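File shown: protein.cif (mmCIF, C-alpha atoms, pLDDT in the B column; chains and numbers go by the auth columns).
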data_entry
#
loop_
_atom_site.group_PDB
_atom_site.id
_atom_site.type_symbol
_atom_site.label_atom_id
_atom_site.label_comp_id
_atom_site.label_asym_id
_atom_site.label_seq_id
_atom_site.Cartn_x
_atom_site.Cartn_y
_atom_site.Cartn_z
_atom_site.B_iso_or_equiv
_atom_site.auth_seq_id
_atom_site.auth_asym_id
ATOM 1 C CA MET A 1 71.691 -2.802 -74.016 82.00 1 A
ATOM 2 C CA ASN A 2 68.267 -3.574 -72.606 93.00 2 A
ATOM 3 C CA VAL A 3 65.701 -4.487 -75.269 97.00 3 A
ATOM 4 C CA ASP A 4 62.101 -3.577 -74.446 98.00 4 A
ATOM 5 C CA LYS A 5 60.445 -5.010 -77.531 98.00 5 A
ATOM 6 C CA GLU A 6 61.376 -7.206 -80.474 98.00 6 A
ATOM 7 C CA LEU A 7 60.150 -7.108 -84.067 98.00 7 A
ATOM 8 C CA ASP A 8 60.641 -10.066 -86.378 98.00 8 A
ATOM 9 C CA ALA A 9 60.784 -8.611 -89.889 97.00 9 A
ATOM 10 C CA ARG A 10 62.428 -11.687 -91.430 97.00 10 A
ATOM 11 C CA GLY A 11 61.263 -12.454 -94.965 96.00 11 A
ATOM 12 C CA LEU A 12 59.640 -9.058 -95.413 96.00 12 A
ATOM 13 C CA ASN A 13 60.611 -6.745 -98.227 96.00 13 A
ATOM 14 C CA CYS A 14 60.597 -2.974 -98.733 94.00 14 A
ATOM 15 C CA PRO A 15 58.815 -1.037 -97.320 96.00 15 A
ATOM 16 C CA LEU A 16 57.389 -3.495 -94.764 96.00 16 A
ATOM 17 C CA PRO A 17 60.341 -3.539 -92.315 96.00 17 A
ATOM 18 C CA ILE A 18 60.058 0.275 -92.027 97.00 18 A
ATOM 19 C CA LEU A 19 56.257 0.286 -91.795 96.00 19 A
ATOM 20 C CA LYS A 20 56.312 -2.381 -89.068 96.00 20 A
ATOM 21 C CA THR A 21 59.105 -0.600 -87.204 97.00 21 A
ATOM 22 C CA LYS A 22 57.024 2.567 -87.189 96.00 22 A
ATOM 23 C CA LYS A 23 54.023 0.628 -85.911 96.00 23 A
ATOM 24 C CA SER A 24 56.037 -1.115 -83.193 97.00 24 A
ATOM 25 C CA LEU A 25 57.478 2.164 -81.948 97.00 25 A
ATOM 26 C CA ALA A 26 54.027 3.736 -81.774 95.00 26 A
ATOM 27 C CA ASP A 27 53.018 2.037 -78.528 95.00 27 A
ATOM 28 C CA MET A 28 56.428 2.334 -76.843 97.00 28 A
ATOM 29 C CA THR A 29 57.559 5.163 -74.559 97.00 29 A
ATOM 30 C CA ALA A 30 60.470 7.559 -75.065 97.00 30 A
ATOM 31 C CA GLY A 31 63.845 5.953 -74.338 97.00 31 A
ATOM 32 C CA GLN A 32 62.662 2.372 -74.815 98.00 32 A
ATOM 33 C CA VAL A 33 64.605 0.180 -77.223 98.00 33 A
ATOM 34 C CA LEU A 34 63.172 -1.816 -80.110 98.00 34 A
ATOM 35 C CA LYS A 35 65.146 -4.694 -81.624 98.00 35 A
ATOM 36 C CA VAL A 36 64.380 -5.391 -85.280 98.00 36 A
ATOM 37 C CA VAL A 37 65.634 -8.470 -87.126 98.00 37 A
ATOM 38 C CA SER A 38 65.409 -8.357 -90.914 97.00 38 A
ATOM 39 C CA THR A 39 66.626 -10.347 -93.904 97.00 39 A
ATOM 40 C CA ASP A 40 66.173 -7.541 -96.437 96.00 40 A
ATOM 41 C CA PRO A 41 69.599 -6.108 -97.409 95.00 41 A
ATOM 42 C CA GLY A 42 67.857 -2.840 -98.364 95.00 42 A
ATOM 43 C CA SER A 43 66.720 -2.371 -94.781 96.00 43 A
ATOM 44 C CA VAL A 44 70.258 -1.419 -93.675 96.00 44 A
ATOM 45 C CA LYS A 45 70.145 1.942 -95.411 96.00 45 A
ATOM 46 C CA ASP A 46 66.381 2.311 -94.950 96.00 46 A
ATOM 47 C CA MET A 47 66.559 1.944 -91.162 97.00 47 A
ATOM 48 C CA GLN A 48 69.318 4.573 -91.009 97.00 48 A
ATOM 49 C CA ALA A 49 67.223 6.897 -93.193 96.00 49 A
ATOM 50 C CA PHE A 50 64.160 6.237 -91.033 97.00 50 A
ATOM 51 C CA ALA A 51 66.142 7.178 -87.912 97.00 51 A
ATOM 52 C CA ASN A 52 67.564 10.321 -89.551 96.00 52 A
ATOM 53 C CA GLN A 53 64.132 11.529 -90.580 96.00 53 A
ATOM 54 C CA THR A 54 62.082 10.604 -87.521 96.00 54 A
ATOM 55 C CA GLY A 55 64.571 11.480 -84.779 96.00 55 A
ATOM 56 C CA ASN A 56 64.528 7.982 -83.266 97.00 56 A
ATOM 57 C CA ALA A 57 68.091 6.845 -82.549 98.00 57 A
ATOM 58 C CA LEU A 58 69.573 3.903 -84.427 98.00 58 A
ATOM 59 C CA VAL A 59 71.782 2.692 -81.587 97.00 59 A
ATOM 60 C CA SER A 60 73.308 -0.162 -83.548 97.00 60 A
ATOM 61 C CA SER A 61 73.096 -1.851 -86.936 98.00 61 A
ATOM 62 C CA THR A 62 74.835 -5.218 -87.189 97.00 62 A
ATOM 63 C CA VAL A 63 74.873 -8.410 -89.210 97.00 63 A
ATOM 64 C CA GLU A 64 74.437 -11.653 -87.281 95.00 64 A
ATOM 65 C CA LYS A 65 74.411 -14.983 -89.127 94.00 65 A
ATOM 66 C CA GLY A 66 73.290 -13.356 -92.351 93.00 66 A
ATOM 67 C CA GLU A 67 70.493 -11.430 -90.668 97.00 67 A
ATOM 68 C CA TYR A 68 70.365 -7.696 -90.076 98.00 68 A
ATOM 69 C CA VAL A 69 69.872 -6.656 -86.477 98.00 69 A
ATOM 70 C CA PHE A 70 68.919 -3.132 -85.491 98.00 70 A
ATOM 71 C CA LEU A 71 68.487 -1.469 -82.108 98.00 71 A
ATOM 72 C CA MET A 72 66.259 1.575 -82.321 98.00 72 A
ATOM 73 C CA GLN A 73 65.714 3.844 -79.344 98.00 73 A
ATOM 74 C CA LYS A 74 62.451 5.731 -79.370 98.00 74 A
ATOM 75 C CA LYS A 75 62.657 9.524 -79.326 95.00 75 A
ATOM 76 C CA MET B 1 55.521 18.931 -91.190 92.00 1 B
ATOM 77 C CA LYS B 2 56.834 17.873 -94.581 97.00 2 B
ATOM 78 C CA LYS B 3 54.292 17.126 -97.309 98.00 3 B
ATOM 79 C CA MET B 4 54.141 14.838 -100.331 98.00 4 B
ATOM 80 C CA ALA B 5 51.633 14.669 -103.156 98.00 5 B
ATOM 81 C CA ILE B 6 51.304 11.862 -105.697 98.00 6 B
ATOM 82 C CA ILE B 7 49.208 11.729 -108.851 98.00 7 B
ATOM 83 C CA ALA B 8 48.372 8.090 -109.619 98.00 8 B
ATOM 84 C CA THR B 9 47.265 7.650 -113.220 98.00 9 B
ATOM 85 C CA LYS B 10 47.865 3.948 -113.922 97.00 10 B
ATOM 86 C CA GLY B 11 45.767 0.945 -112.992 96.00 11 B
ATOM 87 C CA THR B 12 48.061 -1.999 -113.656 97.00 12 B
ATOM 88 C CA LEU B 13 49.607 -4.164 -110.943 96.00 13 B
ATOM 89 C CA ASP B 14 53.162 -2.942 -111.550 96.00 14 B
ATOM 90 C CA MET B 15 52.174 0.706 -111.631 96.00 15 B
ATOM 91 C CA ALA B 16 49.950 0.369 -108.562 98.00 16 B
ATOM 92 C CA TYR B 17 52.882 -0.342 -106.266 98.00 17 B
ATOM 93 C CA PRO B 18 54.921 2.897 -106.435 98.00 18 B
ATOM 94 C CA PRO B 19 52.154 5.243 -105.185 98.00 19 B
ATOM 95 C CA PHE B 20 51.171 2.949 -102.304 98.00 20 B
ATOM 96 C CA ILE B 21 54.769 2.137 -101.291 98.00 21 B
ATOM 97 C CA LEU B 22 55.849 5.782 -101.346 98.00 22 B
ATOM 98 C CA ALA B 23 52.699 7.075 -99.669 98.00 23 B
ATOM 99 C CA SER B 24 52.841 4.539 -96.809 98.00 24 B
ATOM 100 C CA THR B 25 56.580 5.070 -96.289 98.00 25 B
ATOM 101 C CA ALA B 26 56.306 8.862 -96.353 98.00 26 B
ATOM 102 C CA ALA B 27 53.484 8.663 -93.807 97.00 27 B
ATOM 103 C CA ALA B 28 55.696 6.461 -91.592 97.00 28 B
ATOM 104 C CA LEU B 29 58.409 9.117 -91.832 97.00 29 B
ATOM 105 C CA GLY B 30 56.001 11.775 -90.632 96.00 30 B
ATOM 106 C CA TYR B 31 54.937 13.321 -93.938 97.00 31 B
ATOM 107 C CA GLU B 32 51.431 14.577 -94.573 98.00 32 B
ATOM 108 C CA VAL B 33 50.455 12.757 -97.774 98.00 33 B
ATOM 109 C CA GLN B 34 47.758 13.111 -100.400 98.00 34 B
ATOM 110 C CA VAL B 35 47.299 10.860 -103.420 98.00 35 B
ATOM 111 C CA PHE B 36 45.154 12.034 -106.305 98.00 36 B
ATOM 112 C CA PHE B 37 43.790 9.121 -108.356 98.00 37 B
ATOM 113 C CA THR B 38 42.835 9.967 -111.907 97.00 38 B
ATOM 114 C CA PHE B 39 42.010 8.075 -115.115 97.00 39 B
ATOM 115 C CA TYR B 40 43.085 4.418 -114.793 97.00 40 B
ATOM 116 C CA GLY B 41 44.557 5.129 -111.369 97.00 41 B
ATOM 117 C CA LEU B 42 41.001 5.232 -110.067 97.00 42 B
ATOM 118 C CA GLN B 43 40.908 1.423 -110.287 97.00 43 B
ATOM 119 C CA LEU B 44 43.233 1.398 -107.270 98.00 44 B
ATOM 120 C CA LEU B 45 40.487 2.798 -105.060 98.00 45 B
ATOM 121 C CA ARG B 46 38.022 -0.001 -105.753 97.00 46 B
ATOM 122 C CA LYS B 47 37.167 -2.261 -102.835 97.00 47 B
ATOM 123 C CA ASP B 48 37.971 -5.266 -105.001 96.00 48 B
ATOM 124 C CA LEU B 49 41.474 -5.050 -106.450 96.00 49 B
ATOM 125 C CA SER B 50 41.351 -8.416 -108.218 94.00 50 B
ATOM 126 C CA ASP B 51 40.935 -6.651 -111.584 92.00 51 B
ATOM 127 C CA VAL B 52 44.301 -4.948 -111.143 96.00 52 B
ATOM 128 C CA LYS B 53 46.491 -7.000 -113.455 96.00 53 B
ATOM 129 C CA ILE B 54 49.789 -7.008 -115.265 95.00 54 B
ATOM 130 C CA SER B 55 50.174 -7.636 -118.985 91.00 55 B
ATOM 131 C CA PRO B 56 53.279 -8.995 -120.675 89.00 56 B
ATOM 132 C CA LEU B 57 51.980 -7.447 -123.912 90.00 57 B
ATOM 133 C CA ALA B 58 53.892 -4.343 -125.036 87.00 58 B
ATOM 134 C CA ASN B 59 55.976 -4.758 -121.905 88.00 59 B
ATOM 135 C CA PRO B 60 59.326 -6.034 -123.222 88.00 60 B
ATOM 136 C CA ALA B 61 61.096 -5.217 -119.940 90.00 61 B
ATOM 137 C CA MET B 62 59.036 -7.732 -117.974 88.00 62 B
ATOM 138 C CA PRO B 63 61.276 -10.618 -116.902 87.00 63 B
ATOM 139 C CA MET B 64 59.801 -13.883 -118.216 85.00 64 B
ATOM 140 C CA PRO B 65 60.734 -17.409 -117.086 82.00 65 B
ATOM 141 C CA VAL B 66 60.812 -18.423 -120.753 85.00 66 B
ATOM 142 C CA PRO B 67 61.068 -16.104 -123.768 85.00 67 B
ATOM 143 C CA MET B 68 57.575 -15.513 -125.121 86.00 68 B
ATOM 144 C CA PRO B 69 56.871 -14.210 -128.632 89.00 69 B
ATOM 145 C CA VAL B 70 54.412 -11.299 -128.840 90.00 70 B
ATOM 146 C CA LEU B 71 52.030 -13.471 -130.886 91.00 71 B
ATOM 147 C CA VAL B 72 51.766 -15.853 -127.937 89.00 72 B
ATOM 148 C CA GLN B 73 51.264 -13.013 -125.462 89.00 73 B
ATOM 149 C CA VAL B 74 48.012 -12.004 -127.164 91.00 74 B
ATOM 150 C CA LEU B 75 46.384 -15.398 -126.502 92.00 75 B
ATOM 151 C CA PRO B 76 43.393 -15.496 -124.121 92.00 76 B
ATOM 152 C CA GLY B 77 44.361 -16.070 -120.501 92.00 77 B
ATOM 153 C CA MET B 78 47.939 -14.817 -120.837 92.00 78 B
ATOM 154 C CA GLU B 79 47.211 -11.704 -118.799 92.00 79 B
ATOM 155 C CA THR B 80 45.588 -13.716 -116.018 94.00 80 B
ATOM 156 C CA MET B 81 48.508 -16.126 -116.024 92.00 81 B
ATOM 157 C CA ALA B 82 51.114 -13.347 -115.905 92.00 82 B
ATOM 158 C CA THR B 83 49.191 -11.702 -113.045 95.00 83 B
ATOM 159 C CA MET B 84 49.040 -14.959 -111.092 95.00 84 B
ATOM 160 C CA MET B 85 52.765 -15.520 -111.555 93.00 85 B
ATOM 161 C CA MET B 86 53.598 -11.971 -110.529 94.00 86 B
ATOM 162 C CA LYS B 87 51.422 -12.109 -107.411 96.00 87 B
ATOM 163 C CA ASP B 88 53.010 -15.424 -106.478 95.00 88 B
ATOM 164 C CA LYS B 89 56.478 -13.897 -106.878 95.00 89 B
ATOM 165 C CA LEU B 90 55.565 -10.814 -104.829 96.00 90 B
ATOM 166 C CA LYS B 91 54.314 -13.043 -102.025 96.00 91 B
ATOM 167 C CA LYS B 92 57.364 -15.310 -102.095 96.00 92 B
ATOM 168 C CA LYS B 93 59.697 -12.323 -101.909 95.00 93 B
ATOM 169 C CA GLY B 94 57.885 -10.849 -98.910 96.00 94 B
ATOM 170 C CA VAL B 95 56.463 -7.854 -100.768 96.00 95 B
ATOM 171 C CA ALA B 96 53.231 -6.540 -99.261 96.00 96 B
ATOM 172 C CA SER B 97 49.969 -6.904 -101.179 96.00 97 B
ATOM 173 C CA LEU B 98 48.331 -3.784 -102.603 97.00 98 B
ATOM 174 C CA GLU B 99 45.461 -4.213 -100.156 97.00 99 B
ATOM 175 C CA GLU B 100 47.899 -4.298 -97.226 96.00 100 B
ATOM 176 C CA LEU B 101 49.792 -1.177 -98.338 97.00 101 B
ATOM 177 C CA ARG B 102 46.567 0.667 -99.048 98.00 102 B
ATOM 178 C CA ALA B 103 45.262 -0.173 -95.577 97.00 103 B
ATOM 179 C CA VAL B 104 48.508 1.062 -93.985 96.00 104 B
ATOM 180 C CA CYS B 105 48.098 4.339 -95.883 97.00 105 B
ATOM 181 C CA GLN B 106 44.566 4.789 -94.609 97.00 106 B
ATOM 182 C CA GLU B 107 45.565 3.951 -91.031 95.00 107 B
ATOM 183 C CA ALA B 108 48.287 6.600 -91.301 95.00 108 B
ATOM 184 C CA ASP B 109 45.793 9.232 -92.500 96.00 109 B
ATOM 185 C CA VAL B 110 47.061 9.420 -96.075 98.00 110 B
ATOM 186 C CA LYS B 111 44.347 11.317 -97.908 98.00 111 B
ATOM 187 C CA PHE B 112 43.033 9.593 -101.042 98.00 112 B
ATOM 188 C CA ILE B 113 41.292 11.823 -103.562 97.00 113 B
ATOM 189 C CA ALA B 114 39.306 10.357 -106.438 97.00 114 B
ATOM 190 C CA CYS B 115 39.106 12.488 -109.573 96.00 115 B
ATOM 191 C CA GLN B 116 35.439 13.426 -109.925 96.00 116 B
ATOM 192 C CA MET B 117 35.812 13.961 -113.670 95.00 117 B
ATOM 193 C CA THR B 118 37.092 10.395 -114.161 96.00 118 B
ATOM 194 C CA VAL B 119 34.254 9.009 -112.042 95.00 119 B
ATOM 195 C CA ASP B 120 31.803 10.722 -114.406 95.00 120 B
ATOM 196 C CA LEU B 121 33.773 9.857 -117.537 96.00 121 B
ATOM 197 C CA PHE B 122 33.804 6.106 -116.899 96.00 122 B
ATOM 198 C CA ASP B 123 30.421 6.036 -115.131 95.00 123 B
ATOM 199 C CA PHE B 124 31.977 4.558 -111.999 95.00 124 B
ATOM 200 C CA ASP B 125 29.630 3.645 -109.197 95.00 125 B
ATOM 201 C CA LYS B 126 30.898 5.305 -106.013 95.00 126 B
ATOM 202 C CA SER B 127 29.730 2.327 -103.956 96.00 127 B
ATOM 203 C CA GLU B 128 32.505 0.292 -105.612 96.00 128 B
ATOM 204 C CA PHE B 129 35.140 2.471 -103.962 97.00 129 B
ATOM 205 C CA ILE B 130 36.617 2.084 -100.495 97.00 130 B
ATOM 206 C CA ASP B 131 35.342 4.265 -97.664 96.00 131 B
ATOM 207 C CA GLY B 132 37.201 7.295 -96.371 96.00 132 B
ATOM 208 C CA ILE B 133 38.115 8.839 -99.707 97.00 133 B
ATOM 209 C CA GLU B 134 37.302 12.303 -101.006 96.00 134 B
ATOM 210 C CA TYR B 135 36.191 13.396 -104.438 97.00 135 B
ATOM 211 C CA GLY B 136 37.710 16.447 -106.043 96.00 136 B
ATOM 212 C CA GLY B 137 39.226 18.163 -109.018 95.00 137 B
ATOM 213 C CA ALA B 138 42.504 19.586 -110.233 94.00 138 B
ATOM 214 C CA ALA B 139 42.179 22.878 -108.369 92.00 139 B
ATOM 215 C CA MET B 140 41.558 21.110 -105.065 93.00 140 B
ATOM 216 C CA PHE B 141 44.662 19.000 -105.599 94.00 141 B
ATOM 217 C CA MET B 142 46.783 22.025 -106.558 94.00 142 B
ATOM 218 C CA GLU B 143 45.957 23.727 -103.294 94.00 143 B
ATOM 219 C CA PHE B 144 47.781 20.926 -101.457 96.00 144 B
ATOM 220 C CA ALA B 145 50.368 20.105 -104.160 96.00 145 B
ATOM 221 C CA GLY B 146 51.552 23.716 -104.268 96.00 146 B
ATOM 222 C CA GLU B 147 52.652 23.460 -100.656 96.00 147 B
ATOM 223 C CA THR B 148 54.469 20.136 -100.881 98.00 148 B
ATOM 224 C CA ASP B 149 58.134 19.204 -100.572 98.00 149 B
ATOM 225 C CA ILE B 150 57.741 16.250 -102.939 98.00 150 B
ATOM 226 C CA CYS B 151 55.263 15.971 -105.802 98.00 151 B
ATOM 227 C CA LEU B 152 55.226 12.918 -108.065 98.00 152 B
ATOM 228 C CA PHE B 153 53.353 11.837 -111.162 98.00 153 B
ATOM 229 C CA VAL B 154 53.006 8.063 -111.485 97.00 154 B
#
In C-alpha cells, what does this structure look like?
Amino acid sequence: MNVDKELDARGLNCPLPILKTKKSLADMTAGQVLKVVSTDPGSVKDMQAFANQTGNALVSSTVEKGEYVFLMQKK
Amino acid sequence: MKKMAIIATKGTLDMAYPPFILASTAAALGYEVQVFFTFYGLQLLRKDLSDVKISPLANPAMPMPVPMPVLVQVLPGMETMATMMMKDKLKKKGVASLEELRAVCQEADVKFIACQMTVDLFDFDKSEFIDGIEYGGAAMFMEFAGETDICLFV
C-alpha cells in the first residue's frame, strides 16, 4: 500500500500517539494513507478506537521488530 | 457532535493529568469539550505551572524508589524532590508535559472555564491565568453539562 505520510511516534506515551495522529491527518486529503510507528503497547487498542470513532480506516495494525506499525487511511 | 464535560477540582501534578489527557483525546476524537476549573483546579489555568507539585505525604499509593517513613516525608524539600523525580519519570516514559497537553486542548478549541467564585475566594489575579479562558459559575456550566454524553468530576 502506498504511504503518503509517515509519523514517528516512537517513545511517546498515551495520549500523544493519538494526538499526533490526529494532527498529521489534519493536513492530508481523503483517501491518503498515514503510516504511524509507535512503541507504546497501549496504542494498539487506542488506534483501533480512534479509527472506530473518527471514521478514518485502520487499514493494518502490525508488529515489526517490537514496534507497532499502523496504516491509517483518511476519511 | 458528541460532548464531554469535566470538572477539575484538584491542583496537584498527579490530579492535573486526567482532565488534560481526557480533554485533549476527546477533542481529537471529535468531541466538543468543556472543562470547568474550580477550587484547587484553578491552579491548572495559571500561565506558570511550576507550582503544580506532587506530595508523597498522605499518599501511600505513590510508588517510591526506597520506602520512606511519614516522618521523613514531612521534611522541608521533600515535596520539591518528589515533584522533580516524578517529572523526570514522566519525561523518560514519553508522557507529555501538562503545558503541552493544555496547549493541545486550546488548539483543539476545548473550552476552559474558570470558576468566578474561586477566583474571588482566593483573590486570584486574572492576569496570572492563560489567555482564551472564560469565567463563569455553576449555572453556566450546567447548561453545557446537561447536554453532554460524558460528564466527569476529577
Problem set entry | Residues selected by the PyMOL selection byres ((chain A) within 12 of (chain B)), written as a ChimeraX atom specification | /A:9-26,38-40,46-56
Exercise. Quick one: residues within 12 Å of B:Leu121, all atoms listed in the file counted, chain neighbours fewer than 6 positions away excluded, as a PyMOL selection string?
Worked result: chain B and resi 38-40+42+115
Exercise. Just how far from atom CA of A:Val33 is atom CA of A:Lys5, in Å to one decimal?
Worked result: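 Atom-to-atom, atom CA of A:Lys5 to atom CA of A:Val33, that is 6.7 Å.
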For this session: Would you work out the distance separating atom CA of B:Ile7 from atom CA of B:Met62, expressed in Å to one decimal?
Result: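 That distance, rounded to one decimal, is 23.6 Å.
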Exercise on stretch 31-45 of chain A, axis-aligned box with 4 Å per side, report centre and edge lengths in Å to one decimal, as JSON:
{"center_x": 66.5, "center_y": -2.2, "center_z": -86.4, "size_x": 15.6, "size_y": 24.3, "size_z": 32.0}
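Separating atom CA of B:Pro63 from atom CA of B:Thr83 is a distance of 12.7 Å.
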Problem set entry | Close residues, A:Ala30 itself excluded, 9 Å, only C-alpha atoms, min 3 positions apart in chain, as a list in words | Val33, Gln73, Lys74 and Lys75 of chain A
Quick one: residues within 10 Å of A:Thr62, all atoms listed in the file, excluding same-chain residues fewer than 5 positions away - as a CSV table (one decimal) with C-alpha atoms, keeping the file's coordinate frame?
chain,number,residue,atom,x,y,z
A,37,VAL,CA,65.6,-8.5,-87.1
A,44,VAL,CA,70.3,-1.4,-93.7
A,67,GLU,CA,70.5,-11.4,-90.7
A,68,TYR,CA,70.4,-7.7,-90.1
A,69,VAL,CA,69.9,-6.7,-86.5
A,70,PHE,CA,68.9,-3.1,-85.5
A,71,LEU,CA,68.5,-1.5,-82.1
Problem set entry | Exercise: B:Leu98 partners within 8 Å, all atoms listed in the file, chain neighbours under 5 positions left out, as a count of residues only | 4
For this session: Run the PyMOL selection byres ((chain B and resi 66-80) around 8) on the file and write out the hits as a list in words.
Result: Lys53, Ile54, Ser55, Pro56, Leu57, Ala58, Met64, Pro65, Met81, Ala82, Thr83 and Met84 of chain B
For this session: Write out as a list in words each polymer residue whose atoms come within 7 Å of A:Glu6, counting all atoms listed in the file; drop sequence neighbours fewer than 2 positions from it.
Result: Asp8, Leu34, Lys35 and Val36 of chain A
I need the chosen residues saved as a PDB file, keeping the file's coordinate frame, with C-alpha atoms.
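Once written, part-v3.pdb looks like this:
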ATOM      1  CA  ASP A   8      60.641 -10.066 -86.378  1.00 98.00           C
ATOM      2  CA  LEU A  34      63.172  -1.816 -80.110  1.00 98.00           C
ATOM      3  CA  LYS A  35      65.146  -4.694 -81.624  1.00 98.00           C
ATOM      4  CA  VAL A  36      64.380  -5.391 -85.280  1.00 98.00           C
TER       5      VAL A  36
END
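What the PyMOL selection byres ((chain B and resi 135-141) around 8) picks from this file is B:Phe36, B:Ile113, B:Ala114, B:Cys115, B:Gln116, B:Met117, B:Ile133, B:Glu134, B:Met142, B:Glu143, B:Phe144, B:Ala145.
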Atoms kept (C-alpha atoms) for selection, written as a CSV table (one decimal), in the coordinates of the input:
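Full text of part04.csv as output:
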chain,number,residue,atom,x,y,z
B,36,PHE,CA,45.2,12.0,-106.3
B,113,ILE,CA,41.3,11.8,-103.6
B,114,ALA,CA,39.3,10.4,-106.4
B,115,CYS,CA,39.1,12.5,-109.6
B,116,GLN,CA,35.4,13.4,-109.9
B,117,MET,CA,35.8,14.0,-113.7
B,133,ILE,CA,38.1,8.8,-99.7
B,134,GLU,CA,37.3,12.3,-101.0
B,142,MET,CA,46.8,22.0,-106.6
B,143,GLU,CA,46.0,23.7,-103.3
B,144,PHE,CA,47.8,20.9,-101.5
B,145,ALA,CA,50.4,20.1,-104.2
For this session: For each of B:Met1, B:Leu45, B:Met85, B:Val35, take the minimum atom-to-atom distance to B:Asp125, counting all atoms listed in the file, then give the residue where this is smallest.
Result: B:Leu45
